[in-house]
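Below is one structure; the comments refer to it alone.
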Amino acid sequence: MGQQPLKAELVSVGTELLLGEIVDTNAAYMSQRLAEIGVDVHFRHTVGDNLDRIVSVLELALSRSDTVLICGGLGPTQDDLTREGVAQVTGRALVSDPDAVTHLREFFAQRGITPTQNNLKQTTYPEGGRLLDNTCGTAPGLFVEHEGKLIFAVPGPPSEMREMMQLQVLPILAEQLGADLRPVFTRVLRFCDIGESTLTAEIADFIDNQTDPTVAPYAKPGEVTLRLATKAETEAEAAQRLDEMEGTLREQVGSFIYGVDDQTMEVAAGNALREKHATVAVAESCTGGLVASRITDVSGSSEYMLGGVVAYANEIKQRLLGVPPEVLAEHGAVSEETARAMAAGARKLFGADYGVATTGIAGPTGGTAEKPVGLVYVAVADRDGVVVSEMTWPGTREQFKQRVSQTALNMLRKRVLGIEVQRP
């Protein structure tokens with residue numbers, strides 16, 4: 001090894017993954033940890049509990065990658081076939097580790113149980129390899145060097161996998177990398193009020209000519225992120241490179257950046273309120289409490305969050321928020337006028353500096369020709385008045401609520417900071 005970054009492939013084993021019964025969070029964790037030490041993951045596979053298919057995937061992975069990490073299939077049952085797959089693809093016999101047998105018998109004896117032959121198969125490994133200790137469970141992992149390639153197998157339960165990755169797999173890989181160990185350092189820039197296509201067009205020169213650092217856009221409801229990444233020997237070296245790229249990007253599109261790394265919109269809005277020693281209250285209809293939930297997801301939000309009302313029924317809008325009945329009768333619950341009254345009403349009800357309101361048609365039913373599904377009004381009130389934005393966002397109910405909550409928090413942030421809130 002050496003000279004070039006290690007190329008890795010991940011193999012997740014388990015029919016339950018293919019059936020969608022379990023979401024594969026293990027693969028994401030493993031990819032993140034590998035990137036941190038400079039191992040490049042080029043491919044990821046999911047394969048069921050079938051020996052022939054496991055062998056086929058391993059053969060493909062070993063044909064083009066330096067290291068293969070397998071997760072799952074190390075248990076005691078007949079459909080746990082990872083060790084058999086590794087043995088077959090490497091042409092090695094399975095042998096038993098006497099120390100592992102003793103440990104397993106002691107483990108079961110402490111619980112008054114005699115291990116079965118199925119349990120004891122967990123003490124076997126391909127000849128020439130070795131077991132990796134499992135400090136959280138009974139199934140050891142595997143490590144085999146085969147024709148210059150590194151093969152690891154770790155158990156599927158997340159707590160066991162993470163412990164084994166951290167204590168054993170990553171140190172072995174770091175040792176293999178030696179002087180070539182160059183972790184990946186990343187920084188995420190968060191954008192609002194600009195779409196992915198517009199943003200990428202604005203920074204096309206970066207994307208087309210990227211080397212190191214690299215830049216990658218990613219869009220989700222209500223925001224776009226740019227992930228900056230660089231490989232460096234030290235954190236200071238990486239920080240300098242990322243600072244330079246961020247500075248250049250800010251010169252071009254900095255007015256759309258609202259946060260960096262973990263500074264989500266709720267954090268950014270909360271920081272603005274905290275800096276101004278201001279408070280907020282919310283009145284929600286179509287978002288059903290999501291805006292309040294996101295605000296209070298932030299530790300310390302009690303400094304600025306006073307309270308909120310989920311006013312789904314018109315009666316609640318009138319009785320708690322003071323929305324005039326004639327406004328509802330003339331304009332309807334989903335209207336600029338109602339949103340305006342709700343925001344002002346929340347501010348008055350709680351004695352807050354700012355009031356935020358949402359009212360819209362989340363769908364998939366309830367729309368009309370005049371007011372289609374996806375129509376929403378978001379309002380922010382303060383002592384100087386109320387600003388309202390009207391938008392129409394088709395999509396799923398979940399996407400709609402996420403976009404509206406993001407818009408509401410962004411409007412609040414901008415209003416607190418004195419940035420003009422423009423109607424989209």
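Each chain in the structure tokens gets a letter, A, B, ..., in the order shown, and its residues are numbered from 1; ligands are numbered from 1 in order too.
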Please list as a PyMOL selection string every residue within 9 Å of Glu337 (chain A), counting only C-alpha atoms and excluding residues in the same chain fewer than 4 positions away. chain A and resi 327-328+331-333+341-342+388
Write to file, as an mmCIF file, in the first residue's frame, the residues of the selection just made, with N, CA and C atoms.
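Resulting contents of out.cif:
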```cif
data_model
loop_
_atom_site.group_PDB
_atom_site.id
_atom_site.type_symbol
_atom_site.label_atom_id
_atom_site.label_comp_id
_atom_site.auth_asym_id
_atom_site.auth_seq_id
_atom_site.Cartn_x
_atom_site.Cartn_y
_atom_site.Cartn_z
ATOM 1 N N VAL A 327 -62.390 38.972 8.789
ATOM 2 C CA VAL A 327 -61.227 38.640 7.954
ATOM 3 C C VAL A 327 -61.337 37.200 7.461
ATOM 4 N N LEU A 328 -61.682 36.308 8.376
ATOM 5 C CA LEU A 328 -61.833 34.905 7.992
ATOM 6 C C LEU A 328 -62.991 34.724 7.025
ATOM 7 N N HIS A 331 -61.809 36.688 3.552
ATOM 8 C CA HIS A 331 -60.576 36.273 2.876
ATOM 9 C C HIS A 331 -60.243 34.788 3.060
ATOM 10 N N GLY A 332 -60.784 34.169 4.101
ATOM 11 C CA GLY A 332 -60.504 32.763 4.353
ATOM 12 C C GLY A 332 -59.310 32.572 5.270
ATOM 13 N N ALA A 333 -59.190 31.340 5.793
ATOM 14 C CA ALA A 333 -58.087 31.042 6.714
ATOM 15 C C ALA A 333 -56.732 31.110 6.021
ATOM 16 N N ALA A 341 -52.841 38.846 10.630
ATOM 17 C CA ALA A 341 -53.506 38.931 11.927
ATOM 18 C C ALA A 341 -52.979 37.888 12.909
ATOM 19 N N MET A 342 -52.649 36.702 12.414
ATOM 20 C CA MET A 342 -52.112 35.651 13.283
ATOM 21 C C MET A 342 -50.759 36.040 13.865
ATOM 22 N N VAL A 388 -45.400 39.902 4.979
ATOM 23 C CA VAL A 388 -46.033 38.638 4.598
ATOM 24 C C VAL A 388 -45.469 38.178 3.260
#
```
Pick out the residues sitting within 10 Å of Val154 (chain A), and hand them over as a PyMOL selection string; count only C-alpha atoms, and ignore anything fewer than 4 positions along from it in its own chain. chain A and resi 12+69-74+82+131-134+139-143+158+160-165+169
Write the residues you've just listed into a file as an mmCIF file, in the first residue's frame, and include N, CA and C atoms for each of them.
```cif
data_model
loop_
_atom_site.group_PDB
_atom_site.id
_atom_site.type_symbol
_atom_site.label_atom_id
_atom_site.label_comp_id
_atom_site.auth_asym_id
_atom_site.auth_seq_id
_atom_site.Cartn_x
_atom_site.Cartn_y
_atom_site.Cartn_z
ATOM 1 N N SER A 12 -22.976 -4.218 2.699
ATOM 2 C CA SER A 12 -23.938 -4.433 3.781
ATOM 3 C C SER A 12 -24.685 -5.725 3.503
ATOM 4 N N LEU A 69 -14.963 -3.598 3.276
ATOM 5 C CA LEU A 69 -15.525 -3.656 4.623
ATOM 6 C C LEU A 69 -16.936 -4.213 4.531
ATOM 7 N N ILE A 70 -17.164 -5.307 5.223
ATOM 8 C CA ILE A 70 -18.457 -5.995 5.201
ATOM 9 C C ILE A 70 -19.120 -5.772 6.551
ATOM 10 N N CYS A 71 -20.395 -5.442 6.530
ATOM 11 C CA CYS A 71 -21.138 -5.229 7.770
ATOM 12 C C CYS A 71 -22.330 -6.165 7.817
ATOM 13 N N GLY A 72 -22.395 -6.973 8.881
ATOM 14 C CA GLY A 72 -23.525 -7.874 9.054
ATOM 15 C C GLY A 72 -23.211 -9.293 8.649
ATOM 16 N N GLY A 73 -24.086 -10.228 9.039
ATOM 17 C CA GLY A 73 -23.937 -11.626 8.656
ATOM 18 C C GLY A 73 -22.930 -12.402 9.465
ATOM 19 N N LEU A 74 -22.599 -11.930 10.686
ATOM 20 C CA LEU A 74 -21.611 -12.615 11.514
ATOM 21 C C LEU A 74 -22.236 -13.335 12.701
ATOM 22 N N THR A 82 -21.485 -14.378 6.240
ATOM 23 C CA THR A 82 -20.362 -13.518 5.856
ATOM 24 C C THR A 82 -19.031 -14.242 5.953
ATOM 25 N N LEU A 131 -9.507 -12.871 14.196
ATOM 26 C CA LEU A 131 -10.742 -12.309 14.718
ATOM 27 C C LEU A 131 -10.491 -10.918 15.281
ATOM 28 N N LEU A 132 -11.512 -10.094 15.218
ATOM 29 C CA LEU A 132 -11.482 -8.780 15.849
ATOM 30 C C LEU A 132 -12.405 -8.831 17.067
ATOM 31 N N ASP A 133 -11.886 -8.419 18.203
ATOM 32 C CA ASP A 133 -12.645 -8.508 19.445
ATOM 33 C C ASP A 133 -13.924 -7.676 19.381
ATOM 34 N N ASN A 134 -14.987 -8.248 19.914
ATOM 35 C CA ASN A 134 -16.262 -7.542 20.043
ATOM 36 C C ASN A 134 -16.480 -7.262 21.524
ATOM 37 N N ALA A 139 -20.439 -11.707 18.718
ATOM 38 C CA ALA A 139 -19.917 -12.020 17.385
ATOM 39 C C ALA A 139 -18.637 -11.235 17.110
ATOM 40 N N PRO A 140 -17.474 -11.925 17.087
ATOM 41 C CA PRO A 140 -16.236 -11.218 16.736
ATOM 42 C C PRO A 140 -16.271 -10.769 15.271
ATOM 43 N N GLY A 141 -15.437 -9.801 14.947
ATOM 44 C CA GLY A 141 -15.253 -9.406 13.570
ATOM 45 C C GLY A 141 -14.150 -10.212 12.923
ATOM 46 N N LEU A 142 -13.881 -9.924 11.655
ATOM 47 C CA LEU A 142 -12.838 -10.640 10.916
ATOM 48 C C LEU A 142 -11.894 -9.650 10.256
ATOM 49 N N PHE A 143 -10.628 -10.053 10.137
ATOM 50 C CA PHE A 143 -9.665 -9.287 9.352
ATOM 51 C C PHE A 143 -8.804 -10.274 8.582
ATOM 52 N N PRO A 158 -25.598 -1.654 15.420
ATOM 53 C CA PRO A 158 -24.837 -0.406 15.325
ATOM 54 C C PRO A 158 -23.835 -0.170 16.449
ATOM 55 N N GLU A 160 -22.215 -2.343 18.247
ATOM 56 C CA GLU A 160 -21.076 -3.237 18.069
ATOM 57 C C GLU A 160 -20.212 -2.801 16.896
ATOM 58 N N MET A 161 -20.873 -2.444 15.793
ATOM 59 C CA MET A 161 -20.136 -2.003 14.612
ATOM 60 C C MET A 161 -19.295 -0.768 14.923
ATOM 61 N N ARG A 162 -19.880 0.212 15.580
ATOM 62 C CA ARG A 162 -19.165 1.462 15.839
ATOM 63 C C ARG A 162 -17.955 1.248 16.745
ATOM 64 N N GLU A 163 -18.147 0.447 17.772
ATOM 65 C CA GLU A 163 -17.037 0.185 18.685
ATOM 66 C C GLU A 163 -15.887 -0.518 17.963
ATOM 67 N N MET A 164 -16.229 -1.501 17.141
ATOM 68 C CA MET A 164 -15.195 -2.241 16.434
ATOM 69 C C MET A 164 -14.505 -1.380 15.382
ATOM 70 N N MET A 165 -15.264 -0.542 14.685
ATOM 71 C CA MET A 165 -14.667 0.380 13.727
ATOM 72 C C MET A 165 -13.666 1.291 14.419
ATOM 73 N N VAL A 169 -10.770 -1.438 13.414
ATOM 74 C CA VAL A 169 -10.657 -1.299 11.964
ATOM 75 C C VAL A 169 -9.898 -0.040 11.578
#
```
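For the atom pair formed by CA of Tyr258 (chain A) and CA of Asp243 (chain A), the distance is 16.3 Å, given to one decimal.
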Give me, as a tab-separated table, the closest atom pair and its distance (Å, one decimal) for every residue of region 302-379 of chain A within a cut-off of 9 Å of region 281-284 of chain A, counting only C-alpha atoms, rows sorted by chain and rising number.
```
residue	atom	partner	partner_atom	distance
A:Tyr304	CA	A:Ala281	CA	8.8
A:Met305	CA	A:Ala281	CA	6.3
A:Leu306	CA	A:Ala281	CA	5.6
A:Gly307	CA	A:Ala281	CA	5.1
A:Gly308	CA	A:Val282	CA	4.5
A:Val309	CA	A:Ala283	CA	4.8
A:Val310	CA	A:Glu284	CA	4.8
A:Ala311	CA	A:Glu284	CA	5.8
A:Tyr312	CA	A:Glu284	CA	7.5
A:Lys317	CA	A:Ala283	CA	8.7
A:Leu321	CA	A:Ala283	CA	7.9
A:Ala339	CA	A:Ala283	CA	8.9
A:Met342	CA	A:Ala283	CA	6.1
A:Ala343	CA	A:Ala283	CA	6.4
A:Gly345	CA	A:Ala283	CA	8.0
A:Ala346	CA	A:Ala283	CA	5.7
A:Arg347	CA	A:Ala281	CA	5.9
A:Leu349	CA	A:Ala281	CA	8.5
A:Phe350	CA	A:Ala281	CA	6.5
A:Gly351	CA	A:Ala281	CA	8.2
A:Ala352	CA	A:Ala281	CA	6.0
A:Asp353	CA	A:Ala281	CA	8.1
A:Tyr354	CA	A:Ala281	CA	6.4
A:Gly355	CA	A:Ala281	CA	5.0
A:Val356	CA	A:Val282	CA	4.7
A:Ala357	CA	A:Ala283	CA	4.6
A:Thr358	CA	A:Glu284	CA	5.0
A:Thr359	CA	A:Glu284	CA	6.6
```
Return as an MDAnalysis selection string the full set of residues in region 82-295 of chain A whose backbone-based DSSP assignment is alpha helix (DSSP H). chainID A and resid 82:90 98:109 117:120 158:164 170:177 196:202 204:208 235:253 265:275 290:295
Secondary structure check, strand (DSSP E or B) residues of region 62-291 of chain A, as a PyMOL selection string: chain A and resi 67-71+94-96+124-126+130-132+141-146+149-154+184-191+214-220+223-231+257-260+280-284
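Straight-line separation from CA of Lys401 (chain A) to CA of Gly288 (chain A): 8.3 Å.
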If you count only C-alpha atoms, which residues fall within 9 Å of Glu235 (chain A), apart from same-chain ones fewer than 3 positions away, as a PDB file with N, CA, C and O atoms, in the first residue's frame?
```
ATOM      1  N   PRO A 183      -6.255  12.809   6.310  1.00  0.00           N
ATOM      2  CA  PRO A 183      -7.702  12.840   6.559  1.00  0.00           C
ATOM      3  C   PRO A 183      -8.410  13.861   5.677  1.00  0.00           C
ATOM      4  O   PRO A 183      -7.805  14.826   5.186  1.00  0.00           O
ATOM      5  N   PHE A 185     -10.977  16.834   5.526  1.00  0.00           N
ATOM      6  CA  PHE A 185     -11.588  17.884   6.342  1.00  0.00           C
ATOM      7  C   PHE A 185     -12.661  18.565   5.500  1.00  0.00           C
ATOM      8  O   PHE A 185     -12.448  18.838   4.313  1.00  0.00           O
ATOM      9  N   ALA A 232      -5.644  16.842   3.960  1.00  0.00           N
ATOM     10  CA  ALA A 232      -4.475  17.551   4.486  1.00  0.00           C
ATOM     11  C   ALA A 232      -3.860  16.755   5.621  1.00  0.00           C
ATOM     12  O   ALA A 232      -4.524  15.929   6.253  1.00  0.00           O
ATOM     13  N   ALA A 238      -5.588  22.287   6.545  1.00  0.00           N
ATOM     14  CA  ALA A 238      -6.908  22.185   5.936  1.00  0.00           C
ATOM     15  C   ALA A 238      -7.710  23.462   6.144  1.00  0.00           C
ATOM     16  O   ALA A 238      -8.380  23.949   5.224  1.00  0.00           O
ATOM     17  N   ALA A 239      -7.654  24.012   7.353  1.00  0.00           N
ATOM     18  CA  ALA A 239      -8.418  25.228   7.657  1.00  0.00           C
ATOM     19  C   ALA A 239      -8.001  26.378   6.755  1.00  0.00           C
ATOM     20  O   ALA A 239      -8.843  27.152   6.292  1.00  0.00           O
ATOM     21  N   GLN A 240      -6.708  26.484   6.467  1.00  0.00           N
ATOM     22  CA  GLN A 240      -6.233  27.559   5.596  1.00  0.00           C
ATOM     23  C   GLN A 240      -6.811  27.416   4.192  1.00  0.00           C
ATOM     24  O   GLN A 240      -7.286  28.393   3.600  1.00  0.00           O
TER      25      GLN A 240
END
```
Counting only C-alpha atoms, what is within 8 Å of region 99-109 of chain A, bar same-chain residues fewer than 4 positions away, as an MDAnalysis selection string? chainID A and resid 113:115 120 123 138
For the residues in that selection, give me N, CA, C and O atoms as a PDB file, in the first residue's frame.
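Final output, saved to out.pdb:
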```pdb
ATOM      1  N   ILE A 113     -26.099 -20.535  30.519  1.00  0.00           N
ATOM      2  CA  ILE A 113     -26.480 -21.083  29.223  1.00  0.00           C
ATOM      3  C   ILE A 113     -25.307 -21.865  28.637  1.00  0.00           C
ATOM      4  O   ILE A 113     -24.141 -21.475  28.794  1.00  0.00           O
ATOM      5  N   THR A 114     -25.602 -22.963  27.967  1.00  0.00           N
ATOM      6  CA  THR A 114     -24.583 -23.715  27.252  1.00  0.00           C
ATOM      7  C   THR A 114     -24.627 -23.326  25.785  1.00  0.00           C
ATOM      8  O   THR A 114     -25.684 -23.427  25.148  1.00  0.00           O
ATOM      9  N   PRO A 115     -23.526 -22.851  25.204  1.00  0.00           N
ATOM     10  CA  PRO A 115     -23.558 -22.441  23.792  1.00  0.00           C
ATOM     11  C   PRO A 115     -23.789 -23.633  22.875  1.00  0.00           C
ATOM     12  O   PRO A 115     -23.319 -24.744  23.128  1.00  0.00           O
ATOM     13  N   LEU A 120     -20.895 -21.462  18.420  1.00  0.00           N
ATOM     14  CA  LEU A 120     -19.453 -21.664  18.309  1.00  0.00           C
ATOM     15  C   LEU A 120     -18.920 -21.327  16.923  1.00  0.00           C
ATOM     16  O   LEU A 120     -17.722 -21.080  16.761  1.00  0.00           O
ATOM     17  N   THR A 123     -16.731 -18.310  16.402  1.00  0.00           N
ATOM     18  CA  THR A 123     -15.310 -18.287  16.773  1.00  0.00           C
ATOM     19  C   THR A 123     -14.414 -18.686  15.611  1.00  0.00           C
ATOM     20  O   THR A 123     -13.201 -18.798  15.769  1.00  0.00           O
ATOM     21  N   THR A 138     -21.405 -10.851  21.177  1.00  0.00           N
ATOM     22  CA  THR A 138     -20.774 -12.177  21.096  1.00  0.00           C
ATOM     23  C   THR A 138     -20.113 -12.462  19.758  1.00  0.00           C
ATOM     24  O   THR A 138     -19.325 -13.397  19.652  1.00  0.00           O
TER      25      THR A 138
END
```
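Straight-line separation from CA of Gln88 (chain A) to CA of Pro171 (chain A): 26.4 Å.
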Looking at A:Val386, A:Met265, A:Leu249, A:Ala216, which one is nearest to Cys192 (chain A), with distances taken over only C-alpha atoms? A:Met265
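Using only C-alpha atoms, the nearest neighbour of Ala174 (chain A) within the list A:Val13, A:Ala35, A:Val373, A:Leu242 is A:Ala35.
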Env of Gly395 (chain A): 9 Å cut, atoms = only C-alpha atoms, seq-sep filter 5 positions within chain, self excluded. Answer as a PyMOL selection string. chain A and resi 362-364+373-374+400
Let me see the file: selected residues, N, CA and C atoms, as a PDB file, in the first residue's frame.
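Saved the output as selection31.pdb:
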```
ATOM      1  N   ALA A 362     -51.566  22.293   2.887  1.00  0.00           N
ATOM      2  CA  ALA A 362     -50.486  21.317   2.784  1.00  0.00           C
ATOM      3  C   ALA A 362     -50.819  20.176   1.837  1.00  0.00           C
ATOM      4  N   GLY A 363     -52.122  19.903   1.624  1.00  0.00           N
ATOM      5  CA  GLY A 363     -52.530  18.843   0.701  1.00  0.00           C
ATOM      6  C   GLY A 363     -52.410  17.459   1.318  1.00  0.00           C
ATOM      7  N   PRO A 364     -52.645  16.440   0.539  1.00  0.00           N
ATOM      8  CA  PRO A 364     -52.907  16.483  -0.907  1.00  0.00           C
ATOM      9  C   PRO A 364     -54.332  16.903  -1.275  1.00  0.00           C
ATOM     10  N   VAL A 373     -53.461  23.488  -3.794  1.00  0.00           N
ATOM     11  CA  VAL A 373     -52.593  22.809  -2.835  1.00  0.00           C
ATOM     12  C   VAL A 373     -51.179  23.367  -2.963  1.00  0.00           C
ATOM     13  N   GLY A 374     -50.554  23.661  -1.840  1.00  0.00           N
ATOM     14  CA  GLY A 374     -49.209  24.228  -1.836  1.00  0.00           C
ATOM     15  C   GLY A 374     -49.184  25.718  -1.573  1.00  0.00           C
ATOM     16  N   PHE A 400     -43.764  20.118   2.020  1.00  0.00           N
ATOM     17  CA  PHE A 400     -44.420  21.415   2.186  1.00  0.00           C
ATOM     18  C   PHE A 400     -44.152  21.981   3.572  1.00  0.00           C
TER      19      PHE A 400
END
```
Excluding Ala27 (chain A) and any residue of its chain fewer than 4 positions from it, enumerate the residues within 9 Å of it, using only C-alpha atoms, and give them as a PyMOL selection string. chain A and resi 10-12+31-32+44+71
Spatial neighbours of Ser335 (chain A), max dist 9 Å, only C-alpha atoms, sep filter under 5 positions, as a PyMOL selection string: chain A and resi 328+340+359-360+376-377+390
Just-selected residues, N, CA, C and O atoms written as a PDB file, in the first residue's frame:
```pdb
ATOM      1  N   LEU A 328     -61.682  36.308   8.376  1.00  0.00           N
ATOM      2  CA  LEU A 328     -61.833  34.905   7.992  1.00  0.00           C
ATOM      3  C   LEU A 328     -62.991  34.724   7.025  1.00  0.00           C
ATOM      4  O   LEU A 328     -62.899  33.942   6.071  1.00  0.00           O
ATOM      5  N   ARG A 340     -51.343  37.807   8.480  1.00  0.00           N
ATOM      6  CA  ARG A 340     -50.949  39.067   9.098  1.00  0.00           C
ATOM      7  C   ARG A 340     -51.545  39.173  10.516  1.00  0.00           C
ATOM      8  O   ARG A 340     -50.851  39.511  11.479  1.00  0.00           O
ATOM      9  N   THR A 359     -49.919  29.893   7.492  1.00  0.00           N
ATOM     10  CA  THR A 359     -51.239  29.359   7.146  1.00  0.00           C
ATOM     11  C   THR A 359     -51.227  28.985   5.672  1.00  0.00           C
ATOM     12  O   THR A 359     -50.785  29.760   4.819  1.00  0.00           O
ATOM     13  N   GLY A 360     -51.647  27.757   5.361  1.00  0.00           N
ATOM     14  CA  GLY A 360     -51.583  27.310   3.975  1.00  0.00           C
ATOM     15  C   GLY A 360     -52.323  26.008   3.774  1.00  0.00           C
ATOM     16  O   GLY A 360     -52.986  25.493   4.675  1.00  0.00           O
ATOM     17  N   VAL A 376     -49.330  29.015   0.456  1.00  0.00           N
ATOM     18  CA  VAL A 376     -49.030  29.301   1.855  1.00  0.00           C
ATOM     19  C   VAL A 376     -48.709  30.781   2.024  1.00  0.00           C
ATOM     20  O   VAL A 376     -48.186  31.438   1.105  1.00  0.00           O
ATOM     21  N   TYR A 377     -49.034  31.286   3.197  1.00  0.00           N
ATOM     22  CA  TYR A 377     -48.680  32.645   3.596  1.00  0.00           C
ATOM     23  C   TYR A 377     -47.885  32.558   4.896  1.00  0.00           C
ATOM     24  O   TYR A 377     -48.299  31.879   5.844  1.00  0.00           O
ATOM     25  N   GLU A 390     -46.133  35.296   0.160  1.00  0.00           N
ATOM     26  CA  GLU A 390     -47.029  34.309  -0.433  1.00  0.00           C
ATOM     27  C   GLU A 390     -46.235  33.402  -1.350  1.00  0.00           C
ATOM     28  O   GLU A 390     -45.438  33.879  -2.167  1.00  0.00           O
TER      29      GLU A 390
END
```
